[in-house]
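Trainee: Pasting a structure below so you can have a look.
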Amino acid sequence: MRAYDLILKKRNGQALNGAEIEYLVEAYVTGSIPDYQVAAFMMAVYFRGLNKDETLALTGAMVDSGRRVNLDHIPGTKVDKHSTGGVGDTTTLVLAPLVAAAGLPVAKLSGRGLGHTGGTLDKLEAIPGFKTGLTIDDLTNAVLKTGVAVAAQGPELVPADKKLYALRDVTATVDSIPLIAASIMAKKIAVGTDALVLDVKVGRGAFMKELPEAFELARAMCYIGRGAGRDTAAVISRMDQPLGKAVGNALELKEAVITLRGEGPLDLEELCLALGGWMLCLGDKAGNPEQGREILKGFLDNGSALEKFKEMVENQGGDQGIADNLSLLPETGRKIAVKSEQEGYISGIDALKIGEAAVNLGAGREKKDDPIDPAVGIVLEKKTGDKVRAGEVLALIHPREESSAQLREAVEKKIISAYEYGAEPVPSVPLICGWIDREGEEYHV
Ligand code: URA
Ligand code: CA
C-alpha cells in the first residue's frame, strides 16, 4: 500500500476500506509515513469527510496503537461519561462519586484544560495531596477498593491520538466531526468500560455552535460506541453561558462539593442528574433515566454521594477534610467585584469570554506547559434571566495577589463585555436540548 494512493482516493471523494485506514494509522505512528502525507490526508478528510464505517475503522486503528485498560476483574457494569468540553463544567467531580454511591464502579481517565475549557485533573489537583498520576494497576485497585477513581490518561493509551491531534492542531483540521468523534471515542474505548454516556455541548462556549452539528457529532460517537460493543447514549446540552457559578479550579471544586451536599446551582445539578440518570440506566441500576435521576437525587440529599467523594479523595492521597471545610482549599485572599454598568434583564453571558478571562487570570494554560494557579477564577453572581440594577455586582474576580492592575482591568472589561442585556424578562431555555438512546433513536426537546 502507498500513502499517496490513499490520499488520492480520499481527495477524489472515495471511501477507504478498513485495511487501508489501519495501514495509514499504523505506518504514521511507527514513523514510516511522514507528517506531510498525513497532513494532506487529514485535509482531504476535512473536505470529503469519512463515512460511518471509515470513522469506526479509524477509531479502532487508533485504539490499537496503544495499550488497553482491562477492567474485567472489577465486578459490575463499568460506566464512563465524557463531555466535549465546556466552561465551568464541574460535572465529572460530582458524577463520579455520585454514580459510585449508587453502586456502579467508575474508573475514569480525564484530561487537562484545553483552550478556554477547564480540565478535570486540574480541578482535582487543587485538593492538597491529591494524586492523579496513577498507574493502570493503581487505578483499578482504587476502583476495587472504593468503587471510584479519577486519574490522568497516560501516554501508553492511544498514542496515535496524541500524534494526530498535534498535527491537526497546526493544519486547521481539528474541527472535523469524524476526526473529533474518532479522537474522543478511541480514548474512551481504550478504557475497557462497558457503557458510556456522552455529554455533547452545543452553543457559543462549545466546539459545536449549532444544534444540527452537535447531533451529528453525537450520532457519529454513538455509532462508534455501539460498533465497538459499548452501550452508548448521548445527551446534548447547552453551553452558551458557563455552567453553575464558578469558573476556576479550586472554585469549581468547591462548587462540586456544594452540589454533592445537595445545595449546588440548579443548572449544574440538573446536568449531573440527567447524565447520571442515563449512566444508571445503562448500568441497569434504573429502568429508565428519570428513575435513575430520582435515585441519584436521593444520594445527594442523604449525604452518601459526599461520603463517596471523601473516600475517593482519601484513596488518592488527598486531604478529605476539604469536603467539610472548604477553606482548606487554595484561595487568593483577594476578590474584586465587577459591577453592572446598566440595568435590565441578563439575556446571555458569553461562556467563551468568561472562559478566556479565567485563563488570563491563570486558571488555564495559554501554552501547553504553562503552570496553572488553582486558586484564581471568576464567580458569576448573576446568570441569564436575572434582573440587575446599575451598580449591582455581576461577578467576583479572584485574581492572583501579585497580578498587575492592567491584567485585572482587562479581565474586568472582558467580563462586562460577556454580559448581554434586554429590557424584557428572558424566557428560560432548557439546558438539555435532546438525546440519543442506546438504540440510536434521537429525541429533540
Ligand atoms: N477533543 C478531543 O479529545 N479530540 C478532538 O479531536 C477534539 C476534542
Ligand atoms: Ca461551574
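By convention here, the chains of the C-alpha cells are called A, B, ... in the order presented, each chain's residues are numbered starting at 1, and ligands are numbered starting at 1 in the order presented.
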Could you please extract the residues within 6 Å of ligand 1, counting only C-alpha atoms and all ligand atoms, and hand them back as a ChimeraX atom specification?

Mentor: /A:174,179-180,183-184

Trainee: Write out as number ranges by chain which residues come within 12 Å of Val170 of chain A when counting only C-alpha atoms, dropping same-chain ones fewer than 3 positions away.

Mentor: A: 35-36, 39, 42-43, 163-167, 173-175

Trainee: Please produce a file of the residues just selected, as a tab-separated table (two decimals), in the first residue's frame, where the atoms kept are C-alpha atoms.

Mentor:
chain	number	residue	atom	x	y	z
A	35	ASP	CA	3.80	14.24	8.66
A	36	TYR	CA	3.22	15.95	5.30
A	39	ALA	CA	-1.45	16.27	6.94
A	42	MET	CA	-6.37	14.94	7.14
A	43	MET	CA	-7.15	17.92	4.90
A	163	LYS	CA	0.36	12.49	17.29
A	164	LEU	CA	-2.69	13.07	15.08
A	165	TYR	CA	-4.14	15.79	17.33
A	166	ALA	CA	-0.85	17.72	17.34
A	167	LEU	CA	-0.80	17.52	13.53
A	173	THR	CA	-8.13	20.16	10.67
A	174	VAL	CA	-9.29	19.93	14.30
A	175	ASP	CA	-12.91	20.83	13.67

Trainee: Throw together the list of residues within 12 Å of ligand 2, counting only C-alpha atoms and all ligand atoms, and drop it here as a ChimeraX atom specification.

Mentor: /A:86-94,117-120,123,239,241-259,264-269,271-272,351,354-355,358,377-381,383

Trainee: For Val63 of chain A, find every residue with an atom within 10 Å (counting only C-alpha atoms), except residues of its own chain fewer than 5 positions away, and show them as a VMD selection string.

Mentor: chain A and resid 57 to 58 68 157 to 161 182 to 183 185 to 191

Trainee: Return the single residue from A:Pro155, A:Gly103, A:Gly225, A:Pro399 that is closest to Ile295 of chain A, with distances computed using only C-alpha atoms.

Mentor: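 Distance minimum relative to Ile295 of chain A lands on A:Gly103.
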
Trainee: Find the residue from A:Ala40, A:Val393, A:Ile136, A:Ala233 that sits nearest to Gln342 of chain A; use only C-alpha atoms when measuring.

Mentor: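 Using only C-alpha atoms, the shortest distance to Gln342 of chain A belongs to A:Val393.
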
Trainee: Out of segment 161-257 of chain A, which residues get strand (DSSP E) from DSSP, as number ranges by chain?

Mentor: A: 195-202, 231-238, 246-247

Trainee: Using atom CA of Phe130 of chain A and atom CA of Asn315 of chain A as the two end points, give the distance in Å to one decimal.

Mentor: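 Going from atom CA of Phe130 of chain A over to atom CA of Asn315 of chain A covers 8.9 Å.
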
Trainee: Fewer than 2 positions away in the same chain doesn't count, so skip those; otherwise give me all residues within 9 Å of Arg204 of chain A, counting only C-alpha atoms, as a JSON list (two decimals) with N, CA and C atoms, in the first residue's frame.

Mentor:
[["chain", "number", "residue", "atom", "x", "y", "z"],
["A", 202, "VAL", "N", -23.44, 22.16, 23.10],
["A", 202, "VAL", "CA", -23.75, 22.99, 21.93],
["A", 202, "VAL", "C", -23.91, 24.44, 22.38],
["A", 206, "ALA", "N", -18.96, 26.16, 23.20],
["A", 206, "ALA", "CA", -18.66, 24.76, 22.86],
["A", 206, "ALA", "C", -17.97, 24.65, 21.51],
["A", 207, "PHE", "N", -17.39, 23.48, 21.23],
["A", 207, "PHE", "CA", -16.84, 23.19, 19.90],
["A", 207, "PHE", "C", -17.93, 23.30, 18.84],
["A", 208, "MET", "N", -19.11, 22.72, 19.14],
["A", 208, "MET", "CA", -20.22, 22.70, 18.19],
["A", 208, "MET", "C", -21.14, 23.88, 18.52],
["A", 209, "LYS", "N", -21.26, 24.81, 17.58],
["A", 209, "LYS", "CA", -22.01, 26.04, 17.87],
["A", 209, "LYS", "C", -23.51, 25.86, 17.63],
["A", 210, "GLU", "N", -23.88, 24.95, 16.73],
["A", 210, "GLU", "CA", -25.29, 24.81, 16.34],
["A", 210, "GLU", "C", -25.79, 23.39, 16.60],
["A", 238, "ARG", "N", -26.84, 22.56, 26.49],
["A", 238, "ARG", "CA", -26.46, 23.92, 26.09],
["A", 238, "ARG", "C", -25.22, 24.40, 26.81],
["A", 239, "MET", "N", -24.31, 25.02, 26.08],
["A", 239, "MET", "CA", -23.14, 25.65, 26.67],
["A", 239, "MET", "C", -23.03, 27.05, 26.06],
["A", 240, "ASP", "N", -24.03, 27.89, 26.42],
["A", 240, "ASP", "CA", -23.99, 29.29, 25.98],
["A", 240, "ASP", "C", -23.38, 30.13, 27.08],
["A", 241, "GLN", "N", -23.90, 29.94, 28.31],
["A", 241, "GLN", "CA", -23.32, 30.60, 29.48],
["A", 241, "GLN", "C", -22.61, 29.52, 30.30],
["A", 350, "ASP", "N", -21.62, 35.33, 27.58],
["A", 350, "ASP", "CA", -20.77, 34.63, 26.60],
["A", 350, "ASP", "C", -19.75, 33.73, 27.32],
["A", 351, "ALA", "N", -20.01, 32.43, 27.29],
["A", 351, "ALA", "CA", -19.16, 31.47, 28.01],
["A", 351, "ALA", "C", -17.72, 31.49, 27.51],
["A", 352, "LEU", "N", -17.55, 31.72, 26.21],
["A", 352, "LEU", "CA", -16.20, 31.75, 25.64],
["A", 352, "LEU", "C", -15.38, 32.88, 26.28]]

Trainee: List the spatial neighbours of Trp435 of chain A as a compact mmCIF listing (two decimals) with N, CA, C and O atoms, in the first residue's frame - criterion: any atom at most 12 Å away, only C-alpha atoms, same-chain residues fewer than 3 positions off excluded.

Mentor:
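The resulting file, part30.txt, is shown below:
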# COMPACT_ATOMS: atom_id res chain seq x y z
N VAL A 197 -21.76 7.31 28.58
CA VAL A 197 -22.73 8.40 28.38
C VAL A 197 -21.96 9.63 27.93
O VAL A 197 -21.00 10.04 28.59
N LEU A 198 -22.37 10.19 26.80
CA LEU A 198 -21.67 11.35 26.23
C LEU A 198 -22.46 12.62 26.50
O LEU A 198 -23.69 12.63 26.34
N ASP A 199 -21.77 13.66 26.91
CA ASP A 199 -22.39 14.97 27.07
C ASP A 199 -21.85 15.83 25.93
O ASP A 199 -20.71 16.29 25.98
N VAL A 200 -22.67 16.00 24.89
CA VAL A 200 -22.23 16.78 23.73
C VAL A 200 -22.75 18.20 23.91
O VAL A 200 -23.95 18.44 23.96
N LYS A 201 -21.81 19.12 24.04
CA LYS A 201 -22.18 20.51 24.31
C LYS A 201 -22.48 21.25 23.01
O LYS A 201 -21.81 21.04 22.00
N LEU A 211 -27.12 23.30 16.83
CA LEU A 211 -27.72 22.01 17.18
C LEU A 211 -27.53 20.91 16.13
O LEU A 211 -27.18 19.78 16.49
N ALA A 214 -24.13 19.47 16.49
CA ALA A 214 -23.97 18.77 17.78
C ALA A 214 -24.60 17.37 17.68
O ALA A 214 -24.02 16.38 18.12
N PHE A 215 -25.79 17.30 17.06
CA PHE A 215 -26.43 15.99 16.86
C PHE A 215 -25.59 15.12 15.94
O PHE A 215 -25.47 13.91 16.16
N GLU A 216 -25.00 15.73 14.94
CA GLU A 216 -24.17 14.94 14.01
C GLU A 216 -22.98 14.32 14.75
O GLU A 216 -22.66 13.13 14.55
N LEU A 217 -22.34 15.12 15.61
CA LEU A 217 -21.21 14.59 16.38
C LEU A 217 -21.68 13.49 17.34
O LEU A 217 -21.05 12.43 17.45
N ALA A 218 -22.81 13.74 18.00
CA ALA A 218 -23.34 12.76 18.96
C ALA A 218 -23.66 11.44 18.23
O ALA A 218 -23.35 10.35 18.72
N ARG A 219 -24.27 11.57 17.06
CA ARG A 219 -24.66 10.40 16.25
C ARG A 219 -23.40 9.61 15.86
O ARG A 219 -23.35 8.39 15.99
N CYS A 222 -22.01 7.88 19.00
CA CYS A 222 -22.85 6.75 19.43
C CYS A 222 -22.66 5.55 18.49
O CYS A 222 -22.62 4.40 18.93
N THR A 232 -24.00 2.81 24.45
CA THR A 232 -23.68 4.25 24.41
C THR A 232 -24.94 5.09 24.27
O THR A 232 -25.82 4.78 23.47
N ALA A 233 -25.03 6.16 25.05
CA ALA A 233 -26.11 7.14 24.90
C ALA A 233 -25.49 8.52 24.94
O ALA A 233 -24.39 8.70 25.47
N ALA A 234 -26.17 9.51 24.34
CA ALA A 234 -25.65 10.88 24.35
C ALA A 234 -26.73 11.85 24.79
O ALA A 234 -27.90 11.67 24.46
N VAL A 235 -26.31 12.86 25.53
CA VAL A 235 -27.20 13.96 25.91
C VAL A 235 -26.62 15.20 25.25
O VAL A 235 -25.40 15.39 25.26
N ILE A 236 -27.48 16.02 24.64
CA ILE A 236 -26.98 17.25 24.04
C ILE A 236 -27.38 18.40 24.97
O ILE A 236 -28.57 18.58 25.25
N SER A 237 -26.38 19.11 25.51
CA SER A 237 -26.70 20.15 26.50
C SER A 237 -26.13 21.51 26.08
O SER A 237 -25.09 21.59 25.41
N ALA A 274 -29.19 14.43 35.00
CA ALA A 274 -29.58 13.92 33.67
C ALA A 274 -28.54 12.91 33.16
O ALA A 274 -28.89 11.81 32.72
N LEU A 275 -27.26 13.28 33.24
CA LEU A 275 -26.21 12.36 32.76
C LEU A 275 -26.14 11.13 33.66
O LEU A 275 -26.03 9.99 33.17
N TRP A 278 -28.84 8.59 33.01
CA TRP A 278 -28.51 7.72 31.87
C TRP A 278 -27.48 6.68 32.27
O TRP A 278 -27.54 5.52 31.85
N PRO A 289 -33.96 6.65 32.49
CA PRO A 289 -33.14 7.76 33.02
C PRO A 289 -33.86 8.58 34.11
O PRO A 289 -33.20 9.05 35.04
N LEU A 431 -31.85 23.42 29.46
CA LEU A 431 -30.42 23.12 29.42
C LEU A 431 -30.16 21.94 28.49
O LEU A 431 -29.16 21.88 27.79
N ILE A 432 -31.08 20.97 28.52
CA ILE A 432 -30.90 19.77 27.72
C ILE A 432 -31.75 19.86 26.46
O ILE A 432 -32.96 20.04 26.55
N ARG A 438 -29.72 4.27 23.66
CA ARG A 438 -28.77 3.20 23.39
C ARG A 438 -29.04 2.48 22.07
O ARG A 438 -28.16 1.80 21.55
N GLU A 439 -30.27 2.63 21.53
CA GLU A 439 -30.56 2.03 20.22
C GLU A 439 -30.24 2.98 19.06
O GLU A 439 -30.42 2.64 17.90
N GLY A 440 -29.85 4.23 19.42
CA GLY A 440 -29.55 5.20 18.37
C GLY A 440 -30.74 6.06 17.99
O GLY A 440 -30.67 6.84 17.03
N GLU A 441 -31.87 5.94 18.73
CA GLU A 441 -33.05 6.80 18.46
C GLU A 441 -32.75 8.22 18.94
O GLU A 441 -32.20 8.40 20.02
N GLU A 442 -33.16 9.20 18.16
CA GLU A 442 -32.89 10.59 18.52
C GLU A 442 -34.13 11.29 19.03
O GLU A 442 -35.22 11.09 18.49
N TYR A 443 -33.96 12.11 20.05
CA TYR A 443 -35.07 12.88 20.63
C TYR A 443 -34.68 14.34 20.71
O TYR A 443 -33.58 14.66 21.17
N HIS A 444 -35.58 15.21 20.27
CA HIS A 444 -35.32 16.65 20.38
C HIS A 444 -36.32 17.24 21.37
O HIS A 444 -37.49 16.94 21.31
N VAL A 445 -35.81 18.06 22.31
CA VAL A 445 -36.70 18.69 23.30
C VAL A 445 -37.43 19.85 22.64
O VAL A 445 -36.81 20.65 21.94
